[in-house]
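Student: Contents are mmCIF, C-alpha atoms; file name query-v1.cif:
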```cif
data_target
loop_
_atom_site.group_PDB
_atom_site.id
_atom_site.type_symbol
_atom_site.label_atom_id
_atom_site.label_comp_id
_atom_site.auth_asym_id
_atom_site.auth_seq_id
_atom_site.Cartn_x
_atom_site.Cartn_y
_atom_site.Cartn_z
ATOM 1 C CA MET A 1 -7.028 26.018 -0.611
ATOM 2 C CA ARG A 2 -3.963 23.891 0.109
ATOM 3 C CA PHE A 3 -4.859 20.841 -1.997
ATOM 4 C CA ASN A 4 -6.377 22.273 -5.166
ATOM 5 C CA ASP A 5 -5.967 19.863 -8.096
ATOM 6 C CA GLN A 6 -4.397 17.205 -5.866
ATOM 7 C CA ILE A 7 -5.481 13.582 -5.579
ATOM 8 C CA VAL A 8 -5.456 12.047 -2.103
ATOM 9 C CA LEU A 9 -5.900 8.319 -1.537
ATOM 10 C CA ILE A 10 -6.882 7.223 1.974
ATOM 11 C CA THR A 11 -7.032 3.585 3.039
ATOM 12 C CA GLY A 12 -9.532 2.783 5.749
ATOM 13 C CA GLY A 13 -11.386 5.883 4.628
ATOM 14 C CA GLY A 14 -14.861 4.562 5.316
ATOM 15 C CA SER A 15 -15.132 5.655 8.942
ATOM 16 C CA GLY A 16 -13.434 7.258 11.918
ATOM 17 C CA ILE A 17 -10.129 9.037 11.353
ATOM 18 C CA GLY A 18 -10.082 8.092 7.668
ATOM 19 C CA ARG A 19 -13.480 9.618 6.976
ATOM 20 C CA GLU A 20 -12.658 12.787 8.911
ATOM 21 C CA MET A 21 -9.414 13.222 6.967
ATOM 22 C CA ALA A 22 -11.205 12.661 3.671
ATOM 23 C CA ILE A 23 -13.844 15.295 4.378
ATOM 24 C CA ARG A 24 -11.245 17.840 5.418
ATOM 25 C CA PHE A 25 -8.956 17.193 2.440
ATOM 26 C CA ALA A 26 -11.950 17.575 0.124
ATOM 27 C CA ALA A 27 -12.815 20.891 1.785
ATOM 28 C CA GLU A 28 -9.252 22.002 0.969
ATOM 29 C CA GLY A 29 -9.752 21.282 -2.741
ATOM 30 C CA ALA A 30 -8.535 17.688 -3.097
ATOM 31 C CA SER A 31 -10.216 14.895 -5.008
ATOM 32 C CA LEU A 32 -10.324 11.704 -2.989
ATOM 33 C CA VAL A 33 -9.923 7.977 -3.498
ATOM 34 C CA ILE A 34 -11.528 6.200 -0.560
ATOM 35 C CA ALA A 35 -10.341 2.634 -0.088
ATOM 36 C CA ASP A 36 -11.994 0.446 2.496
ATOM 37 C CA ARG A 37 -12.568 -3.229 3.074
ATOM 38 C CA TYR A 38 -16.289 -2.463 3.139
ATOM 39 C CA LEU A 39 -17.554 -0.843 -0.035
ATOM 40 C CA ASP A 40 -20.668 0.604 1.591
ATOM 41 C CA ALA A 41 -18.473 2.405 4.146
ATOM 42 C CA ALA A 42 -16.225 3.800 1.404
ATOM 43 C CA GLN A 43 -19.259 4.881 -0.607
ATOM 44 C CA GLY A 44 -20.697 6.565 2.478
ATOM 45 C CA THR A 45 -17.629 8.789 2.671
ATOM 46 C CA VAL A 46 -17.799 9.454 -1.068
ATOM 47 C CA ASP A 47 -21.457 10.459 -0.747
ATOM 48 C CA LEU A 48 -20.564 12.995 1.953
ATOM 49 C CA ILE A 49 -17.824 14.480 -0.232
ATOM 50 C CA GLU A 50 -19.945 14.612 -3.368
ATOM 51 C CA GLY A 51 -22.811 16.063 -1.342
ATOM 52 C CA ALA A 52 -20.520 19.000 -0.636
ATOM 53 C CA ASP A 53 -19.689 19.346 -4.363
ATOM 54 C CA GLY A 54 -16.422 17.428 -4.087
ATOM 55 C CA SER A 55 -15.041 14.642 -6.238
ATOM 56 C CA ALA A 56 -14.312 11.150 -4.930
ATOM 57 C CA LEU A 57 -14.025 7.488 -5.890
ATOM 58 C CA ALA A 58 -14.800 4.492 -3.668
ATOM 59 C CA THR A 59 -12.836 1.256 -3.953
ATOM 60 C CA GLN A 60 -13.351 -1.975 -2.032
ATOM 61 C CA THR A 61 -9.865 -3.017 -0.990
ATOM 62 C CA ASP A 62 -8.320 -5.427 1.467
ATOM 63 C CA VAL A 63 -4.973 -3.679 1.844
ATOM 64 C CA SER A 64 -3.259 -6.862 3.008
ATOM 65 C CA GLN A 65 -3.784 -8.449 -0.430
ATOM 66 C CA ALA A 66 -1.361 -7.454 -3.181
ATOM 67 C CA ASP A 67 -3.783 -8.044 -6.054
ATOM 68 C CA GLN A 68 -6.455 -5.876 -4.440
ATOM 69 C CA VAL A 69 -3.950 -3.100 -3.744
ATOM 70 C CA GLU A 70 -2.814 -3.172 -7.377
ATOM 71 C CA ALA A 71 -6.443 -2.948 -8.484
ATOM 72 C CA MET A 72 -6.972 -0.004 -6.113
ATOM 73 C CA ALA A 73 -3.974 1.829 -7.536
ATOM 74 C CA LYS A 74 -5.085 1.154 -11.108
ATOM 75 C CA ALA A 75 -8.606 2.426 -10.382
ATOM 76 C CA ALA A 76 -7.195 5.620 -8.869
ATOM 77 C CA LEU A 77 -4.802 6.250 -11.751
ATOM 78 C CA ASP A 78 -7.396 5.396 -14.393
ATOM 79 C CA ARG A 79 -9.857 7.865 -12.842
ATOM 80 C CA PHE A 80 -7.541 10.730 -11.894
ATOM 81 C CA GLY A 81 -4.225 10.115 -13.695
ATOM 82 C CA LYS A 82 -2.117 10.514 -10.552
ATOM 83 C CA VAL A 83 -2.045 10.233 -6.775
ATOM 84 C CA ASP A 84 -0.307 13.099 -5.000
ATOM 85 C CA VAL A 85 -0.880 11.938 -1.426
ATOM 86 C CA LEU A 86 -1.162 8.408 -0.059
ATOM 87 C CA ILE A 87 -2.419 8.045 3.495
ATOM 88 C CA ASN A 88 -1.931 4.560 4.925
ATOM 89 C CA ASN A 89 -4.646 4.625 7.564
ATOM 90 C CA ALA A 90 -6.257 1.165 7.481
ATOM 91 C CA GLY A 91 -5.621 -0.984 10.527
ATOM 92 C CA LEU A 92 -6.932 -3.366 13.147
ATOM 93 C CA SER A 93 -5.912 -4.825 16.477
ATOM 94 C CA VAL A 94 -6.477 -8.451 17.497
ATOM 95 C CA GLY A 95 -5.280 -9.904 20.800
ATOM 96 C CA ASP A 96 -3.258 -8.526 23.690
ATOM 97 C CA THR A 97 -0.347 -10.554 25.101
ATOM 98 C CA ILE A 98 1.447 -13.151 22.980
ATOM 99 C CA LEU A 99 -0.102 -15.980 24.987
ATOM 100 C CA ASP A 100 -3.591 -14.669 24.178
ATOM 101 C CA PHE A 101 -3.535 -15.106 20.409
ATOM 102 C CA ASP A 102 -2.429 -17.605 17.790
ATOM 103 C CA GLU A 103 -0.179 -17.317 14.768
ATOM 104 C CA ALA A 104 -3.064 -16.416 12.496
ATOM 105 C CA ALA A 105 -3.933 -13.425 14.680
ATOM 106 C CA TRP A 106 -0.291 -12.331 14.672
ATOM 107 C CA ASP A 107 -0.200 -12.530 10.885
ATOM 108 C CA LEU A 108 -3.459 -10.606 10.572
ATOM 109 C CA ASN A 109 -2.138 -7.712 12.670
ATOM 110 C CA VAL A 110 1.147 -7.559 10.777
ATOM 111 C CA ASP A 111 -0.486 -7.906 7.359
ATOM 112 C CA VAL A 112 -3.116 -5.185 7.808
ATOM 113 C CA VAL A 113 -1.017 -2.738 9.824
ATOM 114 C CA LEU A 114 2.491 -3.123 8.363
ATOM 115 C CA LYS A 115 2.501 -5.187 5.180
ATOM 116 C CA ALA A 116 -0.255 -2.965 3.807
ATOM 117 C CA VAL A 117 2.005 0.083 4.053
ATOM 118 C CA TYR A 118 4.586 -1.741 1.965
ATOM 119 C CA LEU A 119 2.025 -2.877 -0.600
ATOM 120 C CA CYS A 120 0.262 0.470 -0.995
ATOM 121 C CA SER A 121 3.486 2.460 -1.070
ATOM 122 C CA ARG A 122 5.050 0.087 -3.607
ATOM 123 C CA ALA A 123 1.982 0.442 -5.824
ATOM 124 C CA LEU A 124 1.945 4.259 -5.853
ATOM 125 C CA LEU A 125 5.562 5.339 -5.333
ATOM 126 C CA PRO A 126 6.640 4.865 -8.968
ATOM 127 C CA GLN A 127 4.245 7.477 -10.328
ATOM 128 C CA MET A 128 5.260 9.890 -7.547
ATOM 129 C CA ILE A 129 8.935 9.382 -8.389
ATOM 130 C CA GLU A 130 8.212 9.841 -12.099
ATOM 131 C CA ARG A 131 6.560 13.195 -11.376
ATOM 132 C CA GLY A 132 9.239 14.178 -8.837
ATOM 133 C CA LYS A 133 6.746 14.919 -6.077
ATOM 134 C CA GLY A 134 4.544 13.070 -3.635
ATOM 135 C CA VAL A 135 3.630 12.560 -0.004
ATOM 136 C CA ILE A 136 3.078 9.369 1.965
ATOM 137 C CA LEU A 137 1.594 9.650 5.436
ATOM 138 C CA ASN A 138 1.360 6.608 7.677
ATOM 139 C CA ILE A 139 -1.102 6.598 10.552
ATOM 140 C CA GLY A 140 0.712 4.837 13.372
ATOM 141 C CA SER A 141 -0.069 4.774 17.074
ATOM 142 C CA VAL A 142 1.415 5.580 20.445
ATOM 143 C CA ASN A 143 1.473 1.773 20.776
ATOM 144 C CA GLY A 144 4.456 1.847 18.427
ATOM 145 C CA LEU A 145 6.303 4.213 20.752
ATOM 146 C CA MET A 146 5.622 2.695 24.171
ATOM 147 C CA ALA A 147 4.500 -0.563 25.720
ATOM 148 C CA ILE A 148 0.797 -0.352 26.563
ATOM 149 C CA GLY A 149 -0.493 -3.750 25.447
ATOM 150 C CA GLU A 150 -1.866 -5.178 22.196
ATOM 151 C CA SER A 151 1.480 -6.826 21.486
ATOM 152 C CA ALA A 152 1.085 -7.770 17.819
ATOM 153 C CA TYR A 153 -0.576 -4.493 16.870
ATOM 154 C CA SER A 154 2.080 -2.549 18.771
ATOM 155 C CA ALA A 155 4.925 -4.439 17.098
ATOM 156 C CA ALA A 156 3.398 -3.773 13.695
ATOM 157 C CA LYS A 157 3.009 -0.062 14.458
ATOM 158 C CA ALA A 158 6.636 0.096 15.613
ATOM 159 C CA GLY A 159 7.596 -1.501 12.309
ATOM 160 C CA MET A 160 5.543 1.144 10.510
ATOM 161 C CA ILE A 161 7.522 3.871 12.245
ATOM 162 C CA SER A 162 10.812 2.265 11.174
ATOM 163 C CA LEU A 163 9.553 1.835 7.620
ATOM 164 C CA THR A 164 8.527 5.493 7.556
ATOM 165 C CA GLY A 165 12.091 6.589 8.287
ATOM 166 C CA ASN A 166 13.594 4.204 5.764
ATOM 167 C CA MET A 167 11.254 5.313 2.980
ATOM 168 C CA ALA A 168 11.954 8.947 3.840
ATOM 169 C CA ILE A 169 15.718 8.598 3.424
ATOM 170 C CA HIS A 170 15.466 6.464 0.311
ATOM 171 C CA TYR A 171 13.036 8.628 -1.647
ATOM 172 C CA GLY A 172 13.632 12.155 -0.385
ATOM 173 C CA ASP A 173 15.928 12.920 -3.312
ATOM 174 C CA LYS A 174 13.122 11.808 -5.612
ATOM 175 C CA GLY A 175 10.822 14.496 -4.220
ATOM 176 C CA VAL A 176 8.767 12.182 -2.017
ATOM 177 C CA ARG A 177 8.185 12.996 1.646
ATOM 178 C CA VAL A 178 7.182 10.257 4.103
ATOM 179 C CA ASN A 179 5.950 10.926 7.629
ATOM 180 C CA CYS A 180 3.946 9.240 10.352
ATOM 181 C CA ILE A 181 1.352 10.361 12.904
ATOM 182 C CA ALA A 182 1.111 8.440 16.180
ATOM 183 C CA PRO A 183 -2.334 9.077 17.676
ATOM 184 C CA GLY A 184 -3.253 8.342 21.262
ATOM 185 C CA THR A 185 -6.751 7.237 22.224
ATOM 186 C CA ILE A 186 -9.159 8.570 19.598
ATOM 187 C CA GLN A 187 -12.898 8.279 20.154
ATOM 188 C CA THR A 188 -14.014 6.693 16.900
ATOM 189 C CA PRO A 189 -16.883 4.309 16.075
ATOM 190 C CA ILE A 190 -14.599 1.380 16.947
ATOM 191 C CA TRP A 191 -15.270 2.260 20.602
ATOM 192 C CA SER A 192 -19.045 1.997 20.223
ATOM 193 C CA GLU A 193 -19.460 -1.590 21.386
ATOM 194 C CA ARG A 194 -17.199 -1.150 24.388
ATOM 195 C CA LEU A 195 -18.971 2.037 25.428
ATOM 196 C CA LYS A 196 -22.273 0.200 25.299
ATOM 197 C CA ARG A 197 -20.849 -2.320 27.775
ATOM 198 C CA GLU A 198 -18.819 0.208 29.758
ATOM 199 C CA PRO A 199 -20.378 3.683 29.432
ATOM 200 C CA HIS A 200 -17.693 5.210 31.647
ATOM 201 C CA ALA A 201 -14.691 3.639 29.894
ATOM 202 C CA MET A 202 -13.377 7.003 28.711
ATOM 203 C CA ASP A 203 -13.536 8.328 32.269
ATOM 204 C CA HIS A 204 -10.873 5.784 33.203
ATOM 205 C CA ILE A 205 -8.661 6.751 30.268
ATOM 206 C CA ARG A 206 -8.810 10.561 30.448
ATOM 207 C CA PRO A 207 -6.704 10.901 33.634
ATOM 208 C CA TRP A 208 -3.680 9.467 31.797
ATOM 209 C CA TYR A 209 -3.676 12.410 29.367
ATOM 210 C CA PRO A 210 -2.019 15.676 30.454
ATOM 211 C CA LEU A 211 -4.498 17.646 28.330
ATOM 212 C CA GLY A 212 -7.365 16.011 30.188
ATOM 213 C CA ARG A 213 -9.280 14.427 27.313
ATOM 214 C CA VAL A 214 -9.094 11.672 24.735
ATOM 215 C CA GLY A 215 -8.649 12.627 21.118
ATOM 216 C CA LEU A 216 -11.154 13.166 18.335
ATOM 217 C CA PRO A 217 -10.744 12.224 14.656
ATOM 218 C CA GLU A 218 -10.417 15.919 13.827
ATOM 219 C CA ASP A 219 -7.276 16.153 15.987
ATOM 220 C CA VAL A 220 -5.511 13.652 13.723
ATOM 221 C CA ALA A 221 -7.027 15.099 10.548
ATOM 222 C CA LYS A 222 -5.689 18.581 11.270
ATOM 223 C CA ALA A 223 -2.178 17.214 11.778
ATOM 224 C CA ALA A 224 -2.483 15.198 8.571
ATOM 225 C CA LEU A 225 -3.476 18.275 6.569
ATOM 226 C CA PHE A 226 -0.350 20.062 7.764
ATOM 227 C CA LEU A 227 2.090 17.199 7.162
ATOM 228 C CA CYS A 228 0.718 16.538 3.673
ATOM 229 C CA SER A 229 0.725 20.190 2.638
ATOM 230 C CA ASP A 230 3.504 22.366 1.265
ATOM 231 C CA ASP A 231 3.604 24.036 4.697
ATOM 232 C CA ALA A 232 5.591 20.938 5.737
ATOM 233 C CA SER A 233 7.792 20.861 2.626
ATOM 234 C CA TRP A 234 11.017 20.448 4.664
ATOM 235 C CA ILE A 235 9.667 17.772 7.005
ATOM 236 C CA THR A 236 10.226 14.116 6.266
ATOM 237 C CA GLY A 237 10.948 10.977 8.245
ATOM 238 C CA VAL A 238 9.253 12.184 11.417
ATOM 239 C CA THR A 239 6.742 10.495 13.680
ATOM 240 C CA LEU A 240 4.465 13.098 15.218
ATOM 241 C CA PRO A 241 2.609 12.075 18.379
ATOM 242 C CA VAL A 242 -0.922 13.452 18.371
ATOM 243 C CA ASP A 243 -1.675 12.176 21.823
ATOM 244 C CA GLY A 244 -2.639 14.863 24.305
ATOM 245 C CA GLY A 245 0.805 14.588 25.893
ATOM 246 C CA LEU A 246 0.635 10.858 26.690
ATOM 247 C CA THR A 247 4.117 10.021 25.406
ATOM 248 C CA ALA A 248 5.729 13.131 26.911
ATOM 249 C CA GLY A 249 5.981 11.283 30.228
ATOM 250 C CA SER A 250 3.912 9.643 32.923
ATOM 251 C CA TYR A 251 1.372 12.227 34.008
ATOM 252 C CA ARG A 252 -0.215 9.966 36.614
ATOM 253 C CA PHE A 253 3.197 9.023 38.007
ATOM 254 C CA ASN A 254 3.994 12.712 38.296
ATOM 255 C CA LYS A 255 0.736 13.328 40.129
ATOM 256 C CA ALA A 256 1.536 10.450 42.472
ATOM 257 C CA LEU A 257 4.963 11.916 43.176
ATOM 258 C CA GLN A 258 3.405 15.282 43.912
ATOM 259 C CA GLY A 259 1.148 13.572 46.420
ATOM 260 C CA ILE A 260 4.153 11.943 48.086
ATOM 261 C CA ARG A 261 6.008 15.248 48.270
ATOM 262 C CA GLU A 262 3.022 16.973 49.793
#
```
Output the structure of this file as structure tokens.
Tutor:
Amino acid sequence: MRFNDQIVLITGGGSGIGREMAIRFAAEGASLVIADRYLDAAQGTVDLIEGADGSALATQTDVSQADQVEAMAKAALDRFGKVDVLINNAGLSVGDTILDFDEAAWDLNVDVVLKAVYLCSRALLPQMIERGKGVILNIGSVNGLMAIGESAYSAAKAGMISLTGNMAIHYGDKGVRVNCIAPGTIQTPIWSERLKREPHAMDHIRPWYPLGRVGLPEDVAKAALFLCSDDASWITGVTLPVDGGLTAGSYRFNKALQGIRE
């Protein structure tokens, strides 16, 4: 198994992509630290891991708050002695265009999406550097690569991508690799309320994807397992789109052009 004797800390690990990653890392031999703003969600993931004979710790953490991040890091190190892999997965999106939201909403997006990466990485990098080995994986978004709305969230994700590259070049010679995954539309529980209101919402989104479907949490989790493993030991500073081809080009524009040519 690729992660035997390794400790993996996942923020936002209580549901969706975070939970799927946690379960799959545990199946590959890792012990997990599950950080989430909601303790019951984090504990739910821990229960699933321990139910499969894995080892995990739940921490209630608002990753935008420095004191809570420091407490999270201390709890992880007190329990396991090290953290080999940090996955900055926690996030949220509030508002669309800049005239739709106020300064507080802007700050909330930036704090949870971008500042949290800084805080969590700052808290756990020193022990990685001391041991001469570690991996940081940031879960970004196609919103950081192209303009598709959610302005504050998108700006924060773009900042995450830039921070990924900067951390990669600064700490590569210390044995720490830093990469980013940019998922497209992933059908997670966050879509539940919208799908109740609009049961066919995904039907409107699928045609934009060259592979003909929206993503699943497992699509991101599989990419994360690769980038965090020794199979990717010479990969750092990259942002990998896991997006069904969305950012490769405009599939619907291409189809429209084909129609014109015909």
Student: Per residue of segment 92-194 of chain A within 6 Å of segment 52-70 of chain A, what are the shortest atom pair and its distance in Å to one decimal, counting only C-alpha atoms, with rows by chain and residue number, as JSON lines?
Tutor:
```
{"residue": "A:Asp111", "atom": "CA", "partner": "A:Ser64", "partner_atom": "CA", "distance": 5.3}
{"residue": "A:Val112", "atom": "CA", "partner": "A:Ser64", "partner_atom": "CA", "distance": 5.1}
{"residue": "A:Ala116", "atom": "CA", "partner": "A:Ser64", "partner_atom": "CA", "distance": 5.0}
```
Student: List the residues matched by the PyMOL selection byres ((chain A and resi 206) around 12) in the displayed structure as a PyMOL selection string, ordered by chain and then by residue number.
Tutor: chain A and resi 184-187+200-205+207-215+243-246+251-252
Student: For this file, the PyMOL selection byres ((chain A and resi 240) around 8) selects which residues, as an mmCIF file with C-alpha atoms, in the frame of the given file?
Tutor:
```
data_model
loop_
_atom_site.group_PDB
_atom_site.id
_atom_site.type_symbol
_atom_site.label_atom_id
_atom_site.label_comp_id
_atom_site.auth_asym_id
_atom_site.auth_seq_id
_atom_site.Cartn_x
_atom_site.Cartn_y
_atom_site.Cartn_z
ATOM 1 C CA CYS A 180 3.946 9.240 10.352
ATOM 2 C CA ILE A 181 1.352 10.361 12.904
ATOM 3 C CA ALA A 182 1.111 8.440 16.180
ATOM 4 C CA VAL A 238 9.253 12.184 11.417
ATOM 5 C CA THR A 239 6.742 10.495 13.680
ATOM 6 C CA PRO A 241 2.609 12.075 18.379
ATOM 7 C CA VAL A 242 -0.922 13.452 18.371
#
```
Student: At a cut-off of 12 Å from (5.8, -6.2, 16.4) in the coordinates of the file, what residues are picked up using all atoms listed in the file, written as a VMD selection string?
Tutor: chain A and resid 93 96 to 98 106 to 111 113 to 115 143 to 147 149 to 162
Student: Just give me the gap between atom CA of Asn88 of chain A and atom CA of Met21 of chain A in Å, one decimal is fine.
Tutor: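 Atom-to-atom, atom CA of Asn88 of chain A to atom CA of Met21 of chain A, that is 11.6 Å.
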Student: Considering all atoms listed in the file, give me a table of residues in segment 98-140 of chain A that are at most 12 Å from segment 9-19 of chain A, with the closest atom pair and distance in Å for each, as a Markdown table.
Tutor:
```
| residue | atom | partner | partner_atom | distance |
| --- | --- | --- | --- | --- |
| A:Val112 | CA | A:Gly12 | CA | 10.4 |
| A:Val113 | CA | A:Gly12 | CA | 10.9 |
| A:Ala116 | CA | A:Thr11 | CA | 9.5 |
| A:Val117 | CA | A:Thr11 | CA | 9.7 |
| A:Leu119 | CA | A:Thr11 | CA | 11.7 |
| A:Cys120 | CA | A:Thr11 | CA | 8.9 |
| A:Ser121 | CA | A:Leu9 | CA | 11.1 |
| A:Ala123 | CA | A:Leu9 | CA | 11.9 |
| A:Leu124 | CA | A:Leu9 | CA | 9.8 |
| A:Gly134 | CA | A:Leu9 | CA | 11.7 |
| A:Val135 | CA | A:Leu9 | CA | 10.5 |
| A:Ile136 | CA | A:Leu9 | CA | 9.7 |
| A:Leu137 | CA | A:Ile10 | CA | 9.5 |
| A:Asn138 | CA | A:Ile10 | CA | 10.0 |
| A:Ile139 | CA | A:Ile17 | CA | 9.4 |
| A:Gly140 | CA | A:Ile17 | CA | 11.8 |
```
Student: Mind pulling up the distance from atom CA of Trp234 of chain A to atom CA of Met72 of chain A?
Tutor: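 These two atoms are separated by 29.3 Å.
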